[in-house]
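Q: Next comes entry_11.tsv, TSV, C-alpha atoms:
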```tsv
chain	number	residue	atom	x	y	z
A	1	MET	CA	98.36	-2.31	19.91
A	2	ARG	CA	101.99	-2.63	18.82
A	3	TYR	CA	101.11	-2.07	15.17
A	4	ALA	CA	98.69	0.71	16.05
A	5	ALA	CA	101.53	2.62	17.75
A	6	LEU	CA	103.77	2.01	14.73
A	7	GLU	CA	101.08	3.33	12.44
A	8	VAL	CA	100.67	6.46	14.53
A	9	PHE	CA	104.41	7.20	14.42
A	10	VAL	CA	104.71	6.56	10.68
A	11	GLY	CA	101.58	8.66	10.12
A	12	LEU	CA	103.14	11.54	12.08
A	13	PHE	CA	106.30	11.18	10.00
A	14	VAL	CA	104.30	11.44	6.76
A	15	LEU	CA	102.37	14.42	8.12
A	16	LEU	CA	105.60	16.17	9.07
A	17	THR	CA	106.95	15.56	5.55
A	18	LEU	CA	103.83	17.05	3.99
A	19	LEU	CA	104.11	20.10	6.27
A	20	ALA	CA	107.77	20.55	5.34
A	21	PHE	CA	106.96	20.23	1.64
A	22	THR	CA	104.17	22.80	1.87
A	23	ALA	CA	106.47	25.19	3.73
A	24	LEU	CA	109.16	24.75	1.08
A	25	ALA	CA	106.71	25.20	-1.78
A	26	PHE	CA	104.80	28.23	-0.52
A	27	GLN	CA	106.95	30.03	2.05
A	28	VAL	CA	110.38	29.38	0.50
A	29	SER	CA	109.85	29.27	-3.26
A	30	GLY	CA	106.82	31.59	-3.21
A	31	LEU	CA	104.75	29.23	-5.31
A	32	THR	CA	101.35	30.84	-5.60
A	33	THR	CA	99.98	29.49	-8.83
A	34	PHE	CA	97.51	27.02	-7.34
A	35	TYR	CA	96.57	29.04	-4.34
A	36	GLU	CA	96.14	32.76	-4.59
A	37	PRO	CA	93.43	34.32	-2.46
A	38	ASP	CA	94.79	37.82	-3.08
A	39	LYS	CA	94.51	38.15	-6.84
A	40	GLY	CA	95.26	41.88	-6.99
A	41	TYR	CA	95.25	43.73	-10.29
A	42	GLU	CA	97.66	44.05	-13.18
A	43	ILE	CA	99.40	47.12	-14.53
A	44	SER	CA	102.12	47.34	-17.15
A	45	ALA	CA	105.06	49.53	-18.13
A	46	TYR	CA	107.68	49.69	-20.88
A	47	PHE	CA	111.33	50.02	-19.92
A	48	GLU	CA	114.26	50.58	-22.27
A	49	GLU	CA	116.64	48.62	-20.04
A	50	ILE	CA	115.71	46.37	-17.14
A	51	GLY	CA	119.14	45.11	-16.02
A	52	GLY	CA	118.75	41.99	-13.88
A	53	LEU	CA	115.02	42.28	-13.17
A	54	LYS	CA	113.38	38.86	-12.92
A	55	PRO	CA	109.80	37.60	-12.70
A	56	ARG	CA	108.60	37.77	-9.07
A	57	SER	CA	110.91	40.71	-8.27
A	58	ARG	CA	109.44	43.23	-5.81
A	59	VAL	CA	107.40	46.30	-6.76
A	60	THR	CA	107.61	48.96	-4.04
A	61	ILE	CA	106.31	52.40	-3.13
A	62	GLY	CA	108.46	54.17	-0.54
A	63	GLY	CA	110.22	50.91	0.26
A	64	VAL	CA	107.00	49.03	1.03
A	65	GLN	CA	106.25	46.06	-1.19
A	66	VAL	CA	102.97	46.61	-3.02
A	67	GLY	CA	103.23	43.90	-5.68
A	68	ARG	CA	105.53	41.74	-7.74
A	69	VAL	CA	106.68	41.44	-11.36
A	70	GLU	CA	104.42	39.03	-13.20
A	71	SER	CA	106.03	38.69	-16.64
A	72	ILE	CA	108.79	40.17	-18.77
A	73	THR	CA	108.51	40.17	-22.56
A	74	LEU	CA	110.29	41.99	-25.36
A	75	ASP	CA	108.13	44.39	-27.36
A	76	ALA	CA	108.96	43.60	-30.97
A	77	GLN	CA	108.29	47.10	-32.31
A	78	SER	CA	110.16	49.33	-29.90
A	79	PHE	CA	112.72	46.76	-28.65
A	80	SER	CA	111.83	47.72	-25.11
A	81	ALA	CA	110.94	45.40	-22.25
A	82	HIS	CA	107.23	45.05	-21.51
A	83	ILE	CA	106.78	44.45	-17.79
A	84	LYS	CA	103.50	43.27	-16.30
A	85	MET	CA	103.17	43.81	-12.56
A	86	ASN	CA	100.64	42.36	-10.18
A	87	ILE	CA	99.67	44.86	-7.48
A	88	PHE	CA	98.10	43.45	-4.29
A	89	SER	CA	94.38	44.15	-3.97
A	90	GLU	CA	94.84	46.08	-0.71
A	91	TYR	CA	96.47	48.82	-2.79
A	92	LYS	CA	93.51	49.20	-5.13
A	93	ASN	CA	92.58	52.77	-6.14
A	94	LEU	CA	95.81	54.07	-4.64
A	95	ILE	CA	98.39	54.61	-7.38
A	96	PRO	CA	97.83	57.88	-9.31
A	97	ILE	CA	97.64	57.61	-13.09
A	98	ASP	CA	100.62	59.98	-13.60
A	99	SER	CA	103.02	57.94	-11.42
A	100	SER	CA	106.46	57.03	-12.72
A	101	ALA	CA	108.36	53.77	-12.34
A	102	SER	CA	112.09	53.16	-12.09
A	103	ILE	CA	114.29	50.11	-11.68
A	104	MET	CA	116.63	50.19	-8.70
A	105	THR	CA	119.24	47.86	-7.25
A	106	ALA	CA	119.22	46.80	-3.61
A	107	GLY	CA	122.70	47.70	-2.35
A	108	LEU	CA	125.68	47.54	-4.67
A	109	ILE	CA	125.21	43.98	-5.88
A	110	GLY	CA	121.66	43.16	-4.75
A	111	ASP	CA	118.57	42.23	-6.69
A	112	ASN	CA	116.78	44.63	-9.01
A	113	TYR	CA	113.33	45.86	-8.06
A	114	ILE	CA	110.78	48.39	-9.29
A	115	VAL	CA	110.06	51.62	-7.44
A	116	ILE	CA	106.85	53.49	-8.23
A	117	ASP	CA	106.99	57.23	-7.51
A	118	PRO	CA	103.38	58.34	-7.00
A	119	GLY	CA	102.12	61.27	-9.05
A	120	ALA	CA	99.54	63.87	-8.05
A	121	ASP	CA	96.52	62.99	-10.20
A	122	PHE	CA	93.24	62.07	-8.50
A	123	GLU	CA	92.55	59.38	-11.08
A	124	THR	CA	94.12	56.04	-10.13
A	125	LEU	CA	95.50	53.13	-12.13
A	126	GLN	CA	93.06	50.26	-12.64
A	127	GLN	CA	93.33	46.68	-13.96
A	128	GLY	CA	95.23	46.75	-17.25
A	129	GLY	CA	96.47	50.31	-16.77
A	130	GLY	CA	99.93	51.42	-17.83
A	131	ILE	CA	102.65	53.64	-16.39
A	132	ASP	CA	103.93	56.00	-19.07
A	133	GLU	CA	106.96	57.55	-17.46
A	134	THR	CA	109.70	55.02	-16.75
A	135	HIS	CA	113.37	55.21	-15.84
A	136	SER	CA	115.63	52.39	-16.94
A	137	ALA	CA	117.93	50.41	-14.74
A	138	ILE	CA	121.35	51.94	-14.27
A	139	ILE	CA	123.99	49.70	-15.77
A	140	LEU	CA	127.29	50.23	-14.01
A	141	GLU	CA	129.44	49.39	-17.03
A	142	ARG	CA	127.60	51.91	-19.19
A	143	LEU	CA	127.97	54.59	-16.56
A	144	LEU	CA	131.70	53.92	-16.31
A	145	GLY	CA	131.97	53.99	-20.09
A	146	GLN	CA	130.32	57.41	-20.22
A	147	LEU	CA	132.58	58.69	-17.47
A	148	ILE	CA	135.71	57.61	-19.32
A	149	PHE	CA	134.37	59.05	-22.59
A	150	ASN	CA	133.66	62.42	-20.94
A	151	GLN	CA	137.11	62.44	-19.39
A	152	ASN	CA	138.70	61.88	-22.79
A	153	SER	CA	136.72	64.61	-24.53
A	154	GLU	CA	137.64	67.09	-21.78
A	155	ASP	CA	141.33	66.35	-22.26
A	156	GLU	CA	141.27	67.26	-25.93
B	1	MET	CA	153.46	-9.05	-12.48
B	2	GLY	CA	152.30	-9.40	-8.89
B	3	PHE	CA	151.08	-5.82	-8.79
B	4	LEU	CA	149.37	-5.96	-12.18
B	5	GLY	CA	147.83	-9.30	-11.30
B	6	SER	CA	146.34	-8.05	-8.05
B	7	LEU	CA	145.12	-4.87	-9.77
B	8	GLY	CA	143.36	-6.95	-12.38
B	9	ARG	CA	141.89	-9.22	-9.70
B	10	HIS	CA	140.50	-6.21	-7.83
B	11	ILE	CA	138.94	-4.76	-10.97
B	12	LEU	CA	137.39	-8.11	-11.86
B	13	LYS	CA	136.09	-8.47	-8.32
B	14	PHE	CA	134.55	-5.01	-8.44
B	15	ILE	CA	132.82	-5.67	-11.77
B	16	GLN	CA	131.57	-9.01	-10.48
B	17	ALA	CA	130.20	-7.36	-7.33
B	18	LEU	CA	128.50	-4.69	-9.45
B	19	GLY	CA	126.86	-7.33	-11.60
B	20	PHE	CA	125.77	-9.46	-8.65
B	21	SER	CA	124.41	-6.50	-6.69
B	22	SER	CA	122.42	-5.30	-9.72
B	23	VAL	CA	120.78	-8.68	-10.12
B	24	PHE	CA	120.23	-8.77	-6.37
B	25	LEU	CA	118.55	-5.32	-6.44
B	26	PHE	CA	116.24	-6.19	-9.32
B	27	GLN	CA	115.27	-9.53	-7.81
B	28	ALA	CA	114.44	-7.90	-4.49
B	29	LEU	CA	112.44	-5.10	-6.10
B	30	LEU	CA	110.58	-7.31	-8.54
B	31	THR	CA	109.17	-9.63	-5.87
B	32	LYS	CA	105.40	-9.42	-5.96
B	33	PRO	CA	104.20	-7.19	-3.11
B	34	ARG	CA	101.54	-8.88	-0.99
B	35	LEU	CA	99.06	-7.16	1.28
B	36	LYS	CA	100.03	-9.62	4.01
B	37	SER	CA	103.58	-8.25	4.10
B	38	PHE	CA	102.45	-4.65	4.52
B	39	HIS	CA	103.27	-4.65	8.24
B	40	LEU	CA	106.90	-5.51	7.38
B	41	LEU	CA	107.14	-2.32	5.35
B	42	LEU	CA	105.47	-0.31	8.11
B	43	LYS	CA	107.99	-1.63	10.62
B	44	GLN	CA	110.88	-0.57	8.36
B	45	PHE	CA	109.39	2.89	7.85
B	46	TYR	CA	109.44	3.21	11.62
B	47	VAL	CA	112.98	1.89	12.04
B	48	VAL	CA	114.53	3.70	9.06
B	49	GLY	CA	112.45	6.86	8.94
B	50	VAL	CA	110.88	7.75	12.27
B	51	LEU	CA	113.92	6.81	14.35
B	52	SER	CA	116.14	8.99	12.11
B	53	LEU	CA	113.91	12.02	12.68
B	54	PRO	CA	115.56	13.34	15.88
B	55	ILE	CA	119.07	13.47	14.40
B	56	ILE	CA	117.76	15.02	11.16
B	57	ILE	CA	115.78	17.73	12.97
B	58	PHE	CA	118.60	18.49	15.42
B	59	ALA	CA	121.25	18.64	12.68
B	60	GLY	CA	118.99	20.67	10.38
B	61	PHE	CA	118.29	23.29	12.99
B	62	PHE	CA	121.97	23.78	13.78
B	63	VAL	CA	123.08	23.78	10.15
B	64	GLY	CA	120.51	26.49	9.40
B	65	MET	CA	121.71	28.60	12.33
B	66	VAL	CA	125.38	28.26	11.32
B	67	LEU	CA	124.55	29.22	7.73
B	68	GLY	CA	122.76	32.30	9.05
B	69	LEU	CA	125.72	33.38	11.20
B	70	GLN	CA	128.40	32.68	8.58
B	71	GLY	CA	126.42	34.19	5.73
B	72	TYR	CA	125.75	37.31	7.74
B	73	THR	CA	129.44	38.00	8.48
B	74	VAL	CA	130.26	37.83	4.77
B	75	LEU	CA	127.21	39.59	3.35
B	76	VAL	CA	127.24	42.46	5.83
B	77	LYS	CA	130.61	43.58	4.39
B	78	TYR	CA	128.87	44.29	1.06
B	79	GLY	CA	125.76	45.73	2.64
B	80	ALA	CA	123.81	42.85	1.15
B	81	GLU	CA	122.58	41.21	4.36
B	82	SER	CA	119.02	41.33	3.03
B	83	ALA	CA	120.11	38.55	0.62
B	84	LEU	CA	120.76	36.26	3.60
B	85	GLY	CA	117.44	34.44	3.20
B	86	GLN	CA	118.20	33.77	-0.44
B	87	MET	CA	121.67	32.44	0.38
B	88	ILE	CA	120.44	30.15	3.16
B	89	ALA	CA	117.57	28.75	1.12
B	90	LEU	CA	119.52	28.16	-2.09
B	91	THR	CA	122.45	26.52	-0.29
B	92	LEU	CA	120.16	24.23	1.66
B	93	VAL	CA	117.68	23.28	-1.03
B	94	ARG	CA	120.23	22.70	-3.77
B	95	GLU	CA	123.19	21.18	-1.91
B	96	LEU	CA	123.37	20.88	1.84
B	97	GLY	CA	119.93	19.37	2.38
B	98	PRO	CA	120.34	16.32	0.14
B	99	VAL	CA	124.07	15.85	0.87
B	100	LEU	CA	124.06	16.29	4.65
B	101	GLY	CA	120.73	14.49	4.96
B	102	GLY	CA	122.17	11.63	2.92
B	103	LEU	CA	125.38	11.47	4.97
B	104	LEU	CA	123.45	11.46	8.26
B	105	PHE	CA	121.10	8.84	6.86
B	106	ALA	CA	124.09	6.69	5.83
B	107	GLY	CA	125.52	6.94	9.33
B	108	ARG	CA	122.30	6.52	11.26
B	109	ALA	CA	120.04	4.21	9.22
B	110	CYS	CA	122.20	2.45	6.61
B	111	SER	CA	124.80	1.22	9.09
B	112	ALA	CA	122.01	-0.29	11.18
B	113	LEU	CA	120.50	-1.95	8.09
B	114	THR	CA	123.83	-3.54	7.18
B	115	ALA	CA	124.55	-4.73	10.71
B	116	GLU	CA	121.06	-6.19	11.08
B	117	ILE	CA	121.11	-8.10	7.82
B	118	ALA	CA	124.68	-9.28	8.40
B	119	LEU	CA	123.70	-10.55	11.84
B	120	LEU	CA	120.68	-12.35	10.40
B	121	LYS	CA	123.09	-14.00	8.00
B	122	THR	CA	125.68	-14.83	10.67
B	123	THR	CA	123.09	-16.43	12.94
B	124	GLU	CA	121.85	-18.41	9.91
B	125	GLN	CA	118.39	-16.91	10.09
B	126	LEU	CA	118.40	-16.12	6.37
B	127	ASP	CA	119.16	-19.80	5.67
B	128	SER	CA	116.37	-20.93	8.03
B	129	LEU	CA	113.93	-18.71	6.16
B	130	ARG	CA	115.00	-20.40	2.93
B	131	LEU	CA	114.47	-23.83	4.53
B	132	LEU	CA	110.96	-22.76	5.52
B	133	GLY	CA	110.31	-21.90	1.89
B	134	VAL	CA	110.28	-18.12	2.51
B	135	ASP	CA	112.37	-16.02	0.15
B	136	PRO	CA	114.59	-13.73	2.29
B	137	LEU	CA	114.81	-11.31	-0.62
B	138	HIS	CA	111.08	-10.83	-0.34
B	139	ARG	CA	110.68	-10.93	3.43
B	140	VAL	CA	113.89	-9.25	4.66
B	141	ILE	CA	115.47	-7.29	1.82
B	142	ALA	CA	112.57	-5.79	-0.15
B	143	PRO	CA	110.83	-3.93	2.71
B	144	ARG	CA	114.14	-2.40	3.81
B	145	LEU	CA	114.93	-1.24	0.28
B	146	TRP	CA	111.52	0.37	-0.23
B	147	ALA	CA	111.60	2.02	3.19
B	148	GLY	CA	115.05	3.49	2.44
B	149	PHE	CA	113.95	4.75	-0.99
B	150	PHE	CA	111.02	6.65	0.49
B	151	CYS	CA	112.40	7.74	3.85
B	152	LEU	CA	115.50	9.65	2.75
B	153	PRO	CA	113.64	12.09	0.43
B	154	MET	CA	111.08	12.64	3.19
B	155	LEU	CA	113.80	13.26	5.77
B	156	VAL	CA	115.57	15.67	3.42
B	157	LEU	CA	112.39	17.72	3.01
B	158	ILE	CA	112.05	17.93	6.78
B	159	PHE	CA	115.77	18.78	7.11
B	160	ASN	CA	115.42	21.65	4.62
B	161	ALA	CA	112.34	23.13	6.24
B	162	VAL	CA	113.76	22.91	9.77
B	163	ALA	CA	117.10	24.38	8.66
B	164	ILE	CA	115.45	27.32	6.90
B	165	TYR	CA	113.41	28.12	10.02
B	166	GLY	CA	116.60	27.77	12.10
B	167	GLY	CA	118.28	30.25	9.78
B	168	TYR	CA	115.25	32.53	10.01
B	169	TRP	CA	115.41	32.47	13.79
B	170	ILE	CA	119.09	33.45	13.84
B	171	SER	CA	118.84	36.09	11.11
B	172	VAL	CA	115.66	37.80	12.24
B	173	ASP	CA	115.51	37.38	16.00
B	174	TRP	CA	119.20	37.49	16.70
B	175	LEU	CA	120.99	39.42	13.96
B	176	GLY	CA	118.09	41.79	13.41
B	177	ILE	CA	117.49	41.36	9.69
B	178	ASP	CA	114.03	42.40	8.51
B	179	GLY	CA	111.80	39.30	8.37
B	180	GLY	CA	109.95	40.53	5.28
B	181	SER	CA	113.12	41.01	3.25
B	182	PHE	CA	114.38	37.62	4.47
B	183	TRP	CA	111.39	35.82	2.94
B	184	SER	CA	110.96	38.05	-0.10
B	185	SER	CA	114.61	37.77	-1.21
B	186	MET	CA	114.18	34.01	-0.79
B	187	GLN	CA	110.93	33.84	-2.71
B	188	SER	CA	112.20	35.94	-5.60
B	189	SER	CA	115.22	33.68	-6.14
B	190	VAL	CA	114.14	30.13	-5.22
B	191	ASP	CA	112.25	28.48	-8.04
B	192	PHE	CA	109.89	25.63	-7.25
B	193	ARG	CA	110.77	23.40	-10.19
B	194	GLN	CA	114.43	24.24	-10.65
B	195	ASP	CA	115.41	24.25	-6.99
B	196	ILE	CA	112.93	22.38	-4.79
B	197	ILE	CA	112.05	19.61	-7.24
B	198	ASN	CA	115.68	19.18	-8.35
B	199	GLY	CA	116.66	18.88	-4.69
B	200	VAL	CA	114.04	16.17	-4.21
B	201	ILE	CA	115.31	14.32	-7.30
B	202	LYS	CA	118.84	14.48	-5.87
B	203	SER	CA	117.68	12.99	-2.59
B	204	ILE	CA	115.82	10.19	-4.40
B	205	VAL	CA	119.00	9.30	-6.31
B	206	PHE	CA	121.02	9.31	-3.06
B	207	ALA	CA	118.35	7.21	-1.34
B	208	ILE	CA	118.50	4.51	-4.01
B	209	ALA	CA	122.31	4.47	-3.97
B	210	VAL	CA	122.88	4.33	-0.20
B	211	THR	CA	120.07	1.87	0.61
B	212	TRP	CA	121.25	-0.42	-2.16
B	213	ILE	CA	124.83	-0.31	-0.82
B	214	ALA	CA	123.70	-0.91	2.77
B	215	VAL	CA	121.46	-3.86	2.03
B	216	TYR	CA	123.93	-5.44	-0.37
B	217	GLN	CA	126.87	-5.11	2.05
B	218	GLY	CA	124.80	-6.76	4.77
B	219	TYR	CA	123.75	-9.56	2.44
B	220	VAL	CA	127.27	-10.43	1.28
B	221	ALA	CA	129.05	-9.85	4.63
B	222	SER	CA	131.25	-12.72	5.73
B	223	PRO	CA	129.31	-14.47	8.52
B	224	THR	CA	131.62	-13.72	11.45
B	225	SER	CA	131.53	-11.06	14.15
B	226	GLU	CA	134.47	-9.42	12.39
B	227	GLY	CA	132.65	-9.58	9.08
B	228	ILE	CA	129.70	-7.64	10.49
B	229	GLY	CA	132.04	-4.88	11.62
B	230	TYR	CA	133.79	-4.71	8.26
B	231	ALA	CA	130.48	-4.68	6.39
B	232	THR	CA	129.11	-1.83	8.51
B	233	THR	CA	132.26	0.24	8.04
B	234	ARG	CA	132.23	-0.40	4.30
B	235	THR	CA	128.59	0.71	4.10
B	236	VAL	CA	129.26	4.05	5.76
B	237	VAL	CA	132.45	4.71	3.77
B	238	TYR	CA	131.06	3.68	0.38
B	239	SER	CA	127.73	5.45	0.82
B	240	SER	CA	129.42	8.69	1.88
B	241	LEU	CA	131.80	8.61	-1.08
B	242	VAL	CA	129.01	7.69	-3.50
B	243	ILE	CA	126.83	10.55	-2.22
B	244	LEU	CA	129.61	13.10	-2.72
B	245	ALA	CA	130.51	11.78	-6.18
B	246	LEU	CA	126.89	11.56	-7.35
B	247	ASP	CA	126.28	15.05	-5.98
B	248	PHE	CA	128.99	16.47	-8.22
B	249	ILE	CA	127.51	14.78	-11.29
B	250	LEU	CA	123.93	15.80	-10.47
B	251	THR	CA	124.94	19.39	-9.72
B	252	ALA	CA	126.81	19.57	-13.01
B	253	VAL	CA	123.72	18.34	-14.85
B	254	MET	CA	121.07	20.29	-12.94
B	255	PHE	CA	122.49	23.61	-11.86
B	256	THR	CA	125.34	24.71	-14.09
B	257	GLY	CA	123.07	26.47	-16.59
B	258	LEU	CA	121.27	28.48	-13.91
B	259	LYS	CA	121.92	32.01	-12.77
```
In structure tokens, what does this structure look like?
A:
Amino acid sequence: MRYAALEVFVGLFVLLTLLAFTALAFQVSGLTTFYEPDKGYEISAYFEEIGGLKPRSRVTIGGVQVGRVESITLDAQSFSAHIKMNIFSEYKNLIPIDSSASIMTAGLIGDNYIVIDPGADFETLQQGGGIDETHSAIILERLLGQLIFNQNSEDE
Amino acid sequence: MGFLGSLGRHILKFIQALGFSSVFLFQALLTKPRLKSFHLLLKQFYVVGVLSLPIIIFAGFFVGMVLGLQGYTVLVKYGAESALGQMIALTLVRELGPVLGGLLFAGRACSALTAEIALLKTTEQLDSLRLLGVDPLHRVIAPRLWAGFFCLPMLVLIFNAVAIYGGYWISVDWLGIDGGSFWSSMQSSVDFRQDIINGVIKSIVFAIAVTWIAVYQGYVASPTSEGIGYATTRTVVYSSLVILALDFILTAVMFTGLK
């Protein structure tokens, strides 16, 4: 009886640890590689400049998250960034084929994320589709540089 | 000459203790585990692990809530309060979880280990075991070492999870941050291998260090009532300092190259 009670307590302890580990793996670090019921579909876009965009950044329409960035690679021919995005399956047949995508920053110093501005076409993006019109991330230093350059040329 | 002499004596004593404790650790760990002694290990898991759970859960919950409140007051100035989840999770998983968990474990479990072993020595129970032909390293020391090695990483995982939910409660239900952005900012910045697994590795290193110190200090304590007190104090002081020093080294190795 004494050992049985000990075993129950130690078993509960181990169970609690497993629960904590699962919470940390899935809820906190967003690990979804082994377990992904919602596979969604993949679309891609080319951006000239992505700023601080990272894999697993948010993809939104009107502020609502509709997917996340799957991979970021450099296209060797155009030197632009090739972004693959995974869109959740509940948003299937929703995004018009003439939509545009831009990279925004949350707040002044927040994370970068992708905003899709829906177009008007009746045809929608499917698995493997691409967004043609993209707007690069705004880099603050570059903007400041342009401002100073314009100022100088006005003075002359 | 007197000063130099005593300095040299202290250094020699330290090196000797290091050598003896290493041999002691390996001898205790290399004893052949027997199925018959499984209940000894189970008992230590209960004493070291289960009995430390309340303090770990309580402390974790409050640490998470404080992180939420403090982080909010700073982040809201920059309009970046949606990054609160990310801040709480990264701070906890990388640093506070292993370090605070380790310090609490040193105070709660390691001090008890030292006092118990030192008392066994003072009351000559370790010697009686030897007379009976039972190796105290195998029967007394080894189960406590193994229990310590496993329990601290487990407790740290529980600490982290409880603290993050404590932070969630404060941020979302009290401060009114959007729950979705709390989790999504966390998920887009916490990496499973770089953050969670590195945190677990940290806690395993701390577990080995503090349990080793605790068991060794108990084993070499001078067999008087005063000696037990000194040994317990030394355990808590040394383990806390070792945790903080090791944490600096591990952080420098693991996290300096990360964004």
Q: Write out as a Markdown table the residues of chain B that have any atom within 7 Å of an atom of chain A, one row each with the nearest atom pair and its distance in Å to one decimal, counting all atoms listed in the file, sorted by chain and then rising number.
A:
```
| residue | atom | partner | partner_atom | distance |
| --- | --- | --- | --- | --- |
| B:Lys43 | CA | A:Leu6 | CA | 6.9 |
| B:Phe45 | CA | A:Val10 | CA | 6.6 |
| B:Tyr46 | CA | A:Val10 | CA | 5.9 |
| B:Val50 | CA | A:Phe13 | CA | 6.2 |
| B:Gly79 | CA | A:Gly107 | CA | 6.2 |
| B:Ala80 | CA | A:Gly107 | CA | 6.1 |
| B:Met154 | CA | A:Thr17 | CA | 5.6 |
| B:Leu157 | CA | A:Ala20 | CA | 5.9 |
| B:Ile158 | CA | A:Ala20 | CA | 5.2 |
| B:Ala161 | CA | A:Ala20 | CA | 5.3 |
| B:Trp183 | CA | A:Val28 | CA | 7.0 |
| B:Met186 | CA | A:Val28 | CA | 6.1 |
| B:Gln187 | CA | A:Gly30 | CA | 4.7 |
| B:Ser188 | CA | A:Arg56 | CA | 5.3 |
| B:Val190 | CA | A:Ser29 | CA | 4.8 |
| B:Asp191 | CA | A:Ser29 | CA | 5.4 |
| B:Phe192 | CA | A:Ser29 | CA | 5.4 |
```
Q: Take the residues that were just selected and, keeping C-alpha atoms, output them as a short mmCIF file (atom, residue, chain, number, x, y, z; two decimals), in the coordinates of the input.
A:
```
data_model
loop_
_atom_site.label_atom_id
_atom_site.label_comp_id
_atom_site.auth_asym_id
_atom_site.auth_seq_id
_atom_site.Cartn_x
_atom_site.Cartn_y
_atom_site.Cartn_z
CA LYS B 43 107.99 -1.63 10.62
CA PHE B 45 109.39 2.89 7.85
CA TYR B 46 109.44 3.21 11.62
CA VAL B 50 110.88 7.75 12.27
CA GLY B 79 125.76 45.73 2.64
CA ALA B 80 123.81 42.85 1.15
CA MET B 154 111.08 12.64 3.19
CA LEU B 157 112.39 17.72 3.01
CA ILE B 158 112.05 17.93 6.78
CA ALA B 161 112.34 23.13 6.24
CA TRP B 183 111.39 35.82 2.94
CA MET B 186 114.18 34.01 -0.79
CA GLN B 187 110.93 33.84 -2.71
CA SER B 188 112.20 35.94 -5.60
CA VAL B 190 114.14 30.13 -5.22
CA ASP B 191 112.25 28.48 -8.04
CA PHE B 192 109.89 25.63 -7.25
#
```
Q: Considering only C-alpha atoms, can you say which of B:Thr31, B:Ile197, B:Ser21, B:Asp247 comes closest to Pro136 in chain B?
A: B:Thr31
Q: Using only C-alpha atoms, determine which residues lie at most 8 Å from range 86-94 of chain B, disregarding the query and same-chain residues fewer than 2 positions distant; provide the list as a CSV table (one decimal) with C-alpha atoms, in the frame of the given file.
A:
```
chain,number,residue,atom,x,y,z
A,28,VAL,CA,110.4,29.4,0.5
B,64,GLY,CA,120.5,26.5,9.4
B,67,LEU,CA,124.6,29.2,7.7
B,68,GLY,CA,122.8,32.3,9.0
B,71,GLY,CA,126.4,34.2,5.7
B,83,ALA,CA,120.1,38.6,0.6
B,84,LEU,CA,120.8,36.3,3.6
B,96,LEU,CA,123.4,20.9,1.8
B,97,GLY,CA,119.9,19.4,2.4
B,98,PRO,CA,120.3,16.3,0.1
B,160,ASN,CA,115.4,21.6,4.6
B,163,ALA,CA,117.1,24.4,8.7
B,164,ILE,CA,115.4,27.3,6.9
B,167,GLY,CA,118.3,30.2,9.8
B,182,PHE,CA,114.4,37.6,4.5
B,183,TRP,CA,111.4,35.8,2.9
B,185,SER,CA,114.6,37.8,-1.2
B,186,MET,CA,114.2,34.0,-0.8
B,187,GLN,CA,110.9,33.8,-2.7
B,189,SER,CA,115.2,33.7,-6.1
B,190,VAL,CA,114.1,30.1,-5.2
B,195,ASP,CA,115.4,24.2,-7.0
B,196,ILE,CA,112.9,22.4,-4.8
B,198,ASN,CA,115.7,19.2,-8.4
B,199,GLY,CA,116.7,18.9,-4.7
```
Q: Write out as a short mmCIF file (atom, residue, chain, number, x, y, z; two decimals) with C-alpha atoms, keeping the file's coordinate frame which residues come within 10 Å of range 208-223 of chain B when counting only C-alpha atoms, dropping same-chain ones fewer than 6 positions away.
A:
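That gives us out12.cif:
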```
data_model
loop_
_atom_site.label_atom_id
_atom_site.label_comp_id
_atom_site.auth_asym_id
_atom_site.auth_seq_id
_atom_site.Cartn_x
_atom_site.Cartn_y
_atom_site.Cartn_z
CA ALA B 17 130.20 -7.36 -7.33
CA PHE B 20 125.77 -9.46 -8.65
CA SER B 21 124.41 -6.50 -6.69
CA SER B 22 122.42 -5.30 -9.72
CA PHE B 24 120.23 -8.77 -6.37
CA LEU B 25 118.55 -5.32 -6.44
CA GLY B 102 122.17 11.63 2.92
CA LEU B 103 125.38 11.47 4.97
CA PHE B 105 121.10 8.84 6.86
CA ALA B 106 124.09 6.69 5.83
CA ALA B 109 120.04 4.21 9.22
CA CYS B 110 122.20 2.45 6.61
CA SER B 111 124.80 1.22 9.09
CA ALA B 112 122.01 -0.29 11.18
CA LEU B 113 120.50 -1.95 8.09
CA THR B 114 123.83 -3.54 7.18
CA ALA B 115 124.55 -4.73 10.71
CA GLU B 116 121.06 -6.19 11.08
CA ILE B 117 121.11 -8.10 7.82
CA ALA B 118 124.68 -9.28 8.40
CA LEU B 119 123.70 -10.55 11.84
CA LEU B 120 120.68 -12.35 10.40
CA LYS B 121 123.09 -14.00 8.00
CA THR B 122 125.68 -14.83 10.67
CA THR B 123 123.09 -16.43 12.94
CA GLU B 124 121.85 -18.41 9.91
CA LEU B 126 118.40 -16.12 6.37
CA LEU B 137 114.81 -11.31 -0.62
CA VAL B 140 113.89 -9.25 4.66
CA ILE B 141 115.47 -7.29 1.82
CA ALA B 142 112.57 -5.79 -0.15
CA ARG B 144 114.14 -2.40 3.81
CA LEU B 145 114.93 -1.24 0.28
CA TRP B 146 111.52 0.37 -0.23
CA ALA B 147 111.60 2.02 3.19
CA GLY B 148 115.05 3.49 2.44
CA PHE B 149 113.95 4.75 -0.99
CA PHE B 150 111.02 6.65 0.49
CA LEU B 152 115.50 9.65 2.75
CA GLY B 229 132.04 -4.88 11.62
CA TYR B 230 133.79 -4.71 8.26
CA ALA B 231 130.48 -4.68 6.39
CA THR B 232 129.11 -1.83 8.51
CA THR B 233 132.26 0.24 8.04
CA ARG B 234 132.23 -0.40 4.30
CA THR B 235 128.59 0.71 4.10
CA VAL B 236 129.26 4.05 5.76
CA TYR B 238 131.06 3.68 0.38
CA SER B 239 127.73 5.45 0.82
CA SER B 240 129.42 8.69 1.88
CA LEU B 241 131.80 8.61 -1.08
CA VAL B 242 129.01 7.69 -3.50
CA ILE B 243 126.83 10.55 -2.22
CA LEU B 246 126.89 11.56 -7.35
#
```
